[in-house]
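model_4.pdb, holding PDB, C-alpha atoms:
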```
ATOM      1  CA  MET A   1      23.489  28.425 -17.388  1.00  0.00           C
ATOM      2  CA  THR A   2      24.145  24.816 -16.601  1.00  0.00           C
ATOM      3  CA  ASN A   3      23.839  21.513 -18.424  1.00  0.00           C
ATOM      4  CA  GLY A   4      25.991  22.769 -21.300  1.00  0.00           C
ATOM      5  CA  ALA A   5      23.400  25.274 -22.480  1.00  0.00           C
ATOM      6  CA  ALA A   6      24.375  28.324 -24.517  1.00  0.00           C
ATOM      7  CA  GLU A   7      24.857  31.656 -22.811  1.00  0.00           C
ATOM      8  CA  PRO A   8      21.635  33.676 -22.527  1.00  0.00           C
ATOM      9  CA  THR A   9      21.073  36.566 -24.909  1.00  0.00           C
ATOM     10  CA  ARG A  10      19.020  38.425 -22.285  1.00  0.00           C
ATOM     11  CA  SER A  11      18.688  37.988 -18.556  1.00  0.00           C
ATOM     12  CA  ILE A  12      16.993  39.704 -15.612  1.00  0.00           C
ATOM     13  CA  SER A  13      17.115  38.948 -11.889  1.00  0.00           C
ATOM     14  CA  SER A  14      14.966  40.431  -9.139  1.00  0.00           C
ATOM     15  CA  ALA A  15      14.018  39.760  -5.525  1.00  0.00           C
ATOM     16  CA  VAL A  16      10.326  39.131  -4.875  1.00  0.00           C
ATOM     17  CA  GLY A  17       8.476  38.413  -1.664  1.00  0.00           C
ATOM     18  CA  PRO A  18       8.940  36.724   0.756  1.00  0.00           C
ATOM     19  CA  GLY A  19       5.265  37.150   1.580  1.00  0.00           C
ATOM     20  CA  LEU A  20       1.992  36.220  -0.023  1.00  0.00           C
ATOM     21  CA  GLU A  21       2.490  38.883  -2.710  1.00  0.00           C
ATOM     22  CA  ALA A  22       5.581  37.112  -4.113  1.00  0.00           C
ATOM     23  CA  PRO A  23       3.736  34.945  -6.686  1.00  0.00           C
ATOM     24  CA  ARG A  24       1.843  37.988  -8.009  1.00  0.00           C
ATOM     25  CA  GLN A  25       5.075  40.008  -8.189  1.00  0.00           C
ATOM     26  CA  ALA A  26       6.824  37.155  -9.981  1.00  0.00           C
ATOM     27  CA  ARG A  27       4.015  36.795 -12.526  1.00  0.00           C
ATOM     28  CA  ALA A  28       4.113  40.542 -13.230  1.00  0.00           C
ATOM     29  CA  LEU A  29       7.874  40.417 -13.765  1.00  0.00           C
ATOM     30  CA  VAL A  30       7.611  37.402 -16.079  1.00  0.00           C
ATOM     31  CA  ARG A  31       4.724  38.943 -18.048  1.00  0.00           C
ATOM     32  CA  ARG A  32       6.559  42.244 -18.523  1.00  0.00           C
ATOM     33  CA  HIS A  33       9.855  40.718 -19.667  1.00  0.00           C
ATOM     34  CA  LEU A  34       8.502  37.941 -21.866  1.00  0.00           C
ATOM     35  CA  LYS A  35       6.305  40.438 -23.698  1.00  0.00           C
ATOM     36  CA  HIS A  36       9.301  42.746 -24.114  1.00  0.00           C
ATOM     37  CA  TRP A  37      11.374  39.805 -25.367  1.00  0.00           C
ATOM     38  CA  GLN A  38       8.526  38.837 -27.740  1.00  0.00           C
ATOM     39  CA  ALA A  39       8.279  35.395 -26.126  1.00  0.00           C
ATOM     40  CA  GLU A  40       4.486  35.401 -25.789  1.00  0.00           C
ATOM     41  CA  GLN A  41       4.249  31.827 -27.159  1.00  0.00           C
ATOM     42  CA  VAL A  42       5.416  30.525 -23.760  1.00  0.00           C
ATOM     43  CA  LEU A  43       3.838  33.231 -21.595  1.00  0.00           C
ATOM     44  CA  ASP A  44       0.859  31.254 -20.259  1.00  0.00           C
ATOM     45  CA  ASP A  45       2.970  28.267 -19.222  1.00  0.00           C
ATOM     46  CA  ALA A  46       5.649  30.554 -17.774  1.00  0.00           C
ATOM     47  CA  LEU A  47       3.069  32.380 -15.632  1.00  0.00           C
ATOM     48  CA  LEU A  48       1.573  29.138 -14.319  1.00  0.00           C
ATOM     49  CA  LEU A  49       4.914  27.505 -13.561  1.00  0.00           C
ATOM     50  CA  VAL A  50       6.552  30.543 -11.981  1.00  0.00           C
ATOM     51  CA  SER A  51       3.511  30.929  -9.738  1.00  0.00           C
ATOM     52  CA  GLU A  52       3.823  27.310  -8.588  1.00  0.00           C
ATOM     53  CA  VAL A  53       7.578  27.442  -7.982  1.00  0.00           C
ATOM     54  CA  VAL A  54       7.496  30.830  -6.228  1.00  0.00           C
ATOM     55  CA  THR A  55       4.604  29.671  -4.035  1.00  0.00           C
ATOM     56  CA  ASN A  56       6.721  26.679  -2.987  1.00  0.00           C
ATOM     57  CA  ALA A  57       9.677  28.967  -2.279  1.00  0.00           C
ATOM     58  CA  VAL A  58       7.555  31.277  -0.107  1.00  0.00           C
ATOM     59  CA  ARG A  59       6.001  28.346   1.712  1.00  0.00           C
ATOM     60  CA  HIS A  60       9.292  26.580   2.476  1.00  0.00           C
ATOM     61  CA  GLY A  61      11.948  29.334   2.495  1.00  0.00           C
ATOM     62  CA  SER A  62      12.618  31.987   5.110  1.00  0.00           C
ATOM     63  CA  SER A  63      14.059  34.798   3.009  1.00  0.00           C
ATOM     64  CA  ASP A  64      13.279  36.818  -0.067  1.00  0.00           C
ATOM     65  CA  VAL A  65      12.826  34.801  -3.202  1.00  0.00           C
ATOM     66  CA  VAL A  66      15.054  35.709  -6.140  1.00  0.00           C
ATOM     67  CA  LEU A  67      13.641  35.204  -9.628  1.00  0.00           C
ATOM     68  CA  THR A  68      15.938  35.054 -12.662  1.00  0.00           C
ATOM     69  CA  LEU A  69      14.742  34.927 -16.279  1.00  0.00           C
ATOM     70  CA  SER A  70      17.106  34.147 -19.146  1.00  0.00           C
ATOM     71  CA  GLU A  71      16.362  33.921 -22.844  1.00  0.00           C
ATOM     72  CA  THR A  72      18.473  31.838 -25.203  1.00  0.00           C
ATOM     73  CA  GLY A  73      17.113  31.530 -28.712  1.00  0.00           C
ATOM     74  CA  ASP A  74      13.576  30.137 -28.514  1.00  0.00           C
ATOM     75  CA  GLU A  75      13.937  28.973 -24.913  1.00  0.00           C
ATOM     76  CA  VAL A  76      13.352  30.780 -21.645  1.00  0.00           C
ATOM     77  CA  ARG A  77      14.946  29.584 -18.425  1.00  0.00           C
ATOM     78  CA  VAL A  78      13.310  30.549 -15.139  1.00  0.00           C
ATOM     79  CA  GLU A  79      15.220  30.158 -11.860  1.00  0.00           C
ATOM     80  CA  VAL A  80      13.755  30.642  -8.396  1.00  0.00           C
ATOM     81  CA  PHE A  81      16.118  30.861  -5.426  1.00  0.00           C
ATOM     82  CA  ASP A  82      14.981  30.410  -1.831  1.00  0.00           C
ATOM     83  CA  SER A  83      16.802  29.840   1.443  1.00  0.00           C
ATOM     84  CA  SER A  84      15.511  26.332   2.169  1.00  0.00           C
ATOM     85  CA  PRO A  85      17.903  23.496   1.344  1.00  0.00           C
ATOM     86  CA  LEU A  86      14.971  21.064   1.045  1.00  0.00           C
ATOM     87  CA  GLU A  87      14.351  19.986  -2.543  1.00  0.00           C
ATOM     88  CA  PRO A  88      10.844  19.850  -3.970  1.00  0.00           C
ATOM     89  CA  VAL A  89       9.381  16.396  -4.499  1.00  0.00           C
ATOM     90  CA  LEU A  90       7.601  15.241  -7.619  1.00  0.00           C
ATOM     91  CA  VAL A  91       4.278  13.881  -6.334  1.00  0.00           C
ATOM     92  CA  PRO A  92       1.961  12.016  -8.695  1.00  0.00           C
ATOM     93  CA  PHE A  93      -1.528  13.433  -9.224  1.00  0.00           C
ATOM     94  CA  THR A  94      -4.028  11.655  -6.970  1.00  0.00           C
ATOM     95  CA  ASP A  95      -7.256  12.582  -5.235  1.00  0.00           C
ATOM     96  CA  GLU A  96      -5.569  12.059  -1.855  1.00  0.00           C
ATOM     97  CA  HIS A  97      -2.925  14.766  -2.337  1.00  0.00           C
ATOM     98  CA  GLN A  98      -4.142  18.303  -1.777  1.00  0.00           C
ATOM     99  CA  TRP A  99      -0.639  19.783  -2.093  1.00  0.00           C
ATOM    100  CA  GLY A 100       2.453  19.054  -4.096  1.00  0.00           C
ATOM    101  CA  ARG A 101       1.063  19.291  -7.612  1.00  0.00           C
ATOM    102  CA  GLY A 102       3.202  22.267  -8.654  1.00  0.00           C
ATOM    103  CA  ILE A 103       6.314  20.253  -9.477  1.00  0.00           C
ATOM    104  CA  ALA A 104       4.182  17.776 -11.430  1.00  0.00           C
ATOM    105  CA  LEU A 105       3.010  20.720 -13.541  1.00  0.00           C
ATOM    106  CA  VAL A 106       6.604  21.864 -14.006  1.00  0.00           C
ATOM    107  CA  ASN A 107       7.530  18.338 -15.058  1.00  0.00           C
ATOM    108  CA  ALA A 108       4.626  18.149 -17.539  1.00  0.00           C
ATOM    109  CA  LEU A 109       4.928  21.588 -19.166  1.00  0.00           C
ATOM    110  CA  SER A 110       8.652  22.344 -19.225  1.00  0.00           C
ATOM    111  CA  CYS A 111      11.299  21.056 -21.635  1.00  0.00           C
ATOM    112  CA  ARG A 112      13.445  20.212 -18.612  1.00  0.00           C
ATOM    113  CA  TRP A 113      13.773  21.250 -14.995  1.00  0.00           C
ATOM    114  CA  GLY A 114      15.938  20.655 -11.977  1.00  0.00           C
ATOM    115  CA  VAL A 115      17.202  21.762  -8.608  1.00  0.00           C
ATOM    116  CA  GLU A 116      20.671  23.084  -7.822  1.00  0.00           C
ATOM    117  CA  PRO A 117      22.154  23.759  -4.399  1.00  0.00           C
ATOM    118  CA  ALA A 118      22.868  27.442  -3.806  1.00  0.00           C
ATOM    119  CA  PRO A 119      25.605  27.631  -1.158  1.00  0.00           C
ATOM    120  CA  PRO A 120      25.988  28.582   1.533  1.00  0.00           C
ATOM    121  CA  ARG A 121      22.317  27.842   2.184  1.00  0.00           C
ATOM    122  CA  GLY A 122      19.384  27.335  -0.098  1.00  0.00           C
ATOM    123  CA  LYS A 123      18.533  26.058  -3.530  1.00  0.00           C
ATOM    124  CA  ARG A 124      17.638  27.158  -7.017  1.00  0.00           C
ATOM    125  CA  VAL A 125      14.698  25.468  -8.745  1.00  0.00           C
ATOM    126  CA  TRP A 126      14.831  26.027 -12.499  1.00  0.00           C
ATOM    127  CA  PHE A 127      12.845  25.117 -15.572  1.00  0.00           C
ATOM    128  CA  VAL A 128      13.187  25.721 -19.291  1.00  0.00           C
ATOM    129  CA  ILE A 129      10.232  26.355 -21.578  1.00  0.00           C
ATOM    130  CA  GLY A 130      10.033  26.932 -25.293  1.00  0.00           C
ATOM    131  CA  PRO A 131       7.958  26.233 -28.375  1.00  0.00           C
ATOM    132  CA  ASP A 132       9.647  22.835 -28.868  1.00  0.00           C
ATOM    133  CA  CYS A 133       8.718  21.538 -25.414  1.00  0.00           C
ATOM    134  CA  PRO A 134       6.331  18.567 -25.339  1.00  0.00           C
ATOM    135  CA  ALA A 135       3.423  20.735 -24.133  1.00  0.00           C
ATOM    136  CA  HIS A 136       3.833  23.082 -27.103  1.00  0.00           C
ATOM    137  CA  SER A 137       4.880  20.730 -29.861  1.00  0.00           C
ATOM    138  CA  SER A 138       1.669  18.680 -29.561  1.00  0.00           C
ATOM    139  CA  SER A 139      -0.440  21.771 -30.267  1.00  0.00           C
ATOM    140  CA  ASN A 140       1.382  22.619 -33.528  1.00  0.00           C
TER
END
```
Translate this structure into structure tokens?
Amino acid sequence: MTNGAAEPTRSISSAVGPGLEAPRQARALVRRHLKHWQAEQVLDDALLLVSEVVTNAVRHGSSDVVLTLSETGDEVRVEVFDSSPLEPVLVPFTDEHQWGRGIALVNALSCRWGVEPAPPRGKRVWFVIGPDCPAHSSSN
């Protein structure tokens, strides 16, 4: 993990896609592992955000997408690797934009998120969710 975070207590990594089935496969993987890890409190947000990030990876990458889930305490980190070096752009919500809202959702619902280069070619988009994230702490 980066940003000085603790080492994960559990982790899983799997290739999904690269086709139109990749978001569904990613959601199934996330659902299965978060339920097994008893992390259901973040399941809905995790499913929405992984679907958005994997859809972006399929749309802009040219290889299989690799999904990695890591649990550390109350937080879950989701990483999505794709072969495109182009970073996603945070686009504000407006009526004019039909695309590009996925990263805005990631920004709104996650504790933190980012993009890391994945040499020799590609990138890893990651986000961290947990019960203490702004989206969850307001509902407590």
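Separating CA of Val80 in chain A from CA of Arg124 in chain A is a distance of 5.4 Å.
With only C-alpha atoms as the atoms that count, the residue of A:Asn107, A:Gln41, A:Ser83, A:Thr55 with the shortest distance to Pro23 in chain A is A:Thr55.
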Rows by chain and residue number, range 60-97 of chain A within 12 Å of range 33-39 of chain A, shortest pair, only C-alpha atoms, as JSON lines:
```
{"residue": "A:Thr68", "atom": "CA", "partner": "A:His33", "partner_atom": "CA", "distance": 10.9}
{"residue": "A:Leu69", "atom": "CA", "partner": "A:His33", "partner_atom": "CA", "distance": 8.3}
{"residue": "A:Ser70", "atom": "CA", "partner": "A:Leu34", "partner_atom": "CA", "distance": 9.8}
{"residue": "A:Glu71", "atom": "CA", "partner": "A:Trp37", "partner_atom": "CA", "distance": 8.1}
{"residue": "A:Thr72", "atom": "CA", "partner": "A:Trp37", "partner_atom": "CA", "distance": 10.7}
{"residue": "A:Gly73", "atom": "CA", "partner": "A:Ala39", "partner_atom": "CA", "distance": 10.0}
{"residue": "A:Asp74", "atom": "CA", "partner": "A:Ala39", "partner_atom": "CA", "distance": 7.8}
{"residue": "A:Glu75", "atom": "CA", "partner": "A:Ala39", "partner_atom": "CA", "distance": 8.6}
{"residue": "A:Val76", "atom": "CA", "partner": "A:Ala39", "partner_atom": "CA", "distance": 8.2}
{"residue": "A:Arg77", "atom": "CA", "partner": "A:Leu34", "partner_atom": "CA", "distance": 11.1}
{"residue": "A:Val78", "atom": "CA", "partner": "A:Leu34", "partner_atom": "CA", "distance": 11.1}
```
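For the structure shown here, the set of residues caught by the PyMOL selection byres ((chain A and resi 128) around 9) is Glu75, Val76, Arg77, Val78, Glu79, Ser110, Cys111, Arg112, Trp113, Trp126, Phe127, Ile129, Gly130 and Cys133 of chain A.
For Pro119 in chain A, the list of residues within 12 Å, based on all atoms listed in the file and with local chain neighbours fewer than 4 positions off taken out, reads Phe81, Asp82, Ser83, Ser84, Pro85, Lys123 and Arg124 of chain A.
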Can you rebuild range 8-29 of chain A with N, CA and C atoms and give it as an mmCIF file, in the frame of the given file?
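Output below, filename result29.cif:
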```cif
data_model
loop_
_atom_site.group_PDB
_atom_site.id
_atom_site.type_symbol
_atom_site.label_atom_id
_atom_site.label_comp_id
_atom_site.auth_asym_id
_atom_site.auth_seq_id
_atom_site.Cartn_x
_atom_site.Cartn_y
_atom_site.Cartn_z
ATOM 1 N N PRO A 8 22.879 32.963 -22.217
ATOM 2 C CA PRO A 8 21.635 33.676 -22.527
ATOM 3 C C PRO A 8 21.909 34.963 -23.307
ATOM 4 N N THR A 9 20.962 35.311 -24.176
ATOM 5 C CA THR A 9 21.073 36.566 -24.909
ATOM 6 C C THR A 9 20.527 37.718 -24.079
ATOM 7 N N ARG A 10 19.572 37.419 -23.200
ATOM 8 C CA ARG A 10 19.020 38.425 -22.285
ATOM 9 C C ARG A 10 18.756 37.752 -20.948
ATOM 10 N N SER A 11 18.899 38.540 -19.883
ATOM 11 C CA SER A 11 18.688 37.988 -18.556
ATOM 12 C C SER A 11 18.277 39.103 -17.609
ATOM 13 N N ILE A 12 17.432 38.758 -16.645
ATOM 14 C CA ILE A 12 16.993 39.704 -15.612
ATOM 15 C C ILE A 12 16.870 38.935 -14.300
ATOM 16 N N SER A 13 17.226 39.570 -13.206
ATOM 17 C CA SER A 13 17.115 38.948 -11.889
ATOM 18 C C SER A 13 16.545 39.969 -10.922
ATOM 19 N N SER A 14 15.609 39.511 -10.073
ATOM 20 C CA SER A 14 14.966 40.431 -9.139
ATOM 21 C C SER A 14 14.478 39.675 -7.909
ATOM 22 N N ALA A 15 14.577 40.325 -6.754
ATOM 23 C CA ALA A 15 14.018 39.760 -5.525
ATOM 24 C C ALA A 15 12.513 40.003 -5.514
ATOM 25 N N VAL A 16 11.769 39.013 -5.076
ATOM 26 C CA VAL A 16 10.326 39.131 -4.875
ATOM 27 C C VAL A 16 10.007 38.538 -3.510
ATOM 28 N N GLY A 17 8.916 39.008 -2.919
ATOM 29 C CA GLY A 17 8.476 38.413 -1.664
ATOM 30 C C GLY A 17 9.256 38.890 -0.469
ATOM 31 N N PRO A 18 9.227 38.134 0.591
ATOM 32 C CA PRO A 18 8.940 36.724 0.756
ATOM 33 C C PRO A 18 7.484 36.395 1.078
ATOM 34 N N GLY A 19 6.635 37.373 1.116
ATOM 35 C CA GLY A 19 5.265 37.150 1.580
ATOM 36 C C GLY A 19 4.316 36.630 0.524
ATOM 37 N N LEU A 20 3.046 36.733 0.842
ATOM 38 C CA LEU A 20 1.992 36.220 -0.023
ATOM 39 C C LEU A 20 1.902 36.951 -1.359
ATOM 40 N N GLU A 21 2.502 38.129 -1.460
ATOM 41 C CA GLU A 21 2.490 38.883 -2.710
ATOM 42 C C GLU A 21 3.559 38.395 -3.697
ATOM 43 N N ALA A 22 4.469 37.542 -3.264
ATOM 44 C CA ALA A 22 5.581 37.112 -4.113
ATOM 45 C C ALA A 22 5.123 36.451 -5.416
ATOM 46 N N PRO A 23 4.153 35.528 -5.400
ATOM 47 C CA PRO A 23 3.736 34.945 -6.686
ATOM 48 C C PRO A 23 3.171 35.985 -7.646
ATOM 49 N N ARG A 24 2.394 36.937 -7.156
ATOM 50 C CA ARG A 24 1.843 37.988 -8.009
ATOM 51 C C ARG A 24 2.969 38.850 -8.572
ATOM 52 N N GLN A 25 3.931 39.215 -7.728
ATOM 53 C CA GLN A 25 5.075 40.008 -8.189
ATOM 54 C C GLN A 25 5.874 39.254 -9.245
ATOM 55 N N ALA A 26 6.067 37.966 -9.025
ATOM 56 C CA ALA A 26 6.824 37.155 -9.981
ATOM 57 C C ALA A 26 6.092 37.062 -11.315
ATOM 58 N N ARG A 27 4.785 36.854 -11.276
ATOM 59 C CA ARG A 27 4.015 36.795 -12.526
ATOM 60 C C ARG A 27 4.108 38.117 -13.286
ATOM 61 N N ALA A 28 4.029 39.230 -12.573
ATOM 62 C CA ALA A 28 4.113 40.542 -13.230
ATOM 63 C C ALA A 28 5.483 40.720 -13.884
ATOM 64 N N LEU A 29 6.525 40.312 -13.213
ATOM 65 C CA LEU A 29 7.874 40.417 -13.765
ATOM 66 C C LEU A 29 8.014 39.544 -15.013
#
```
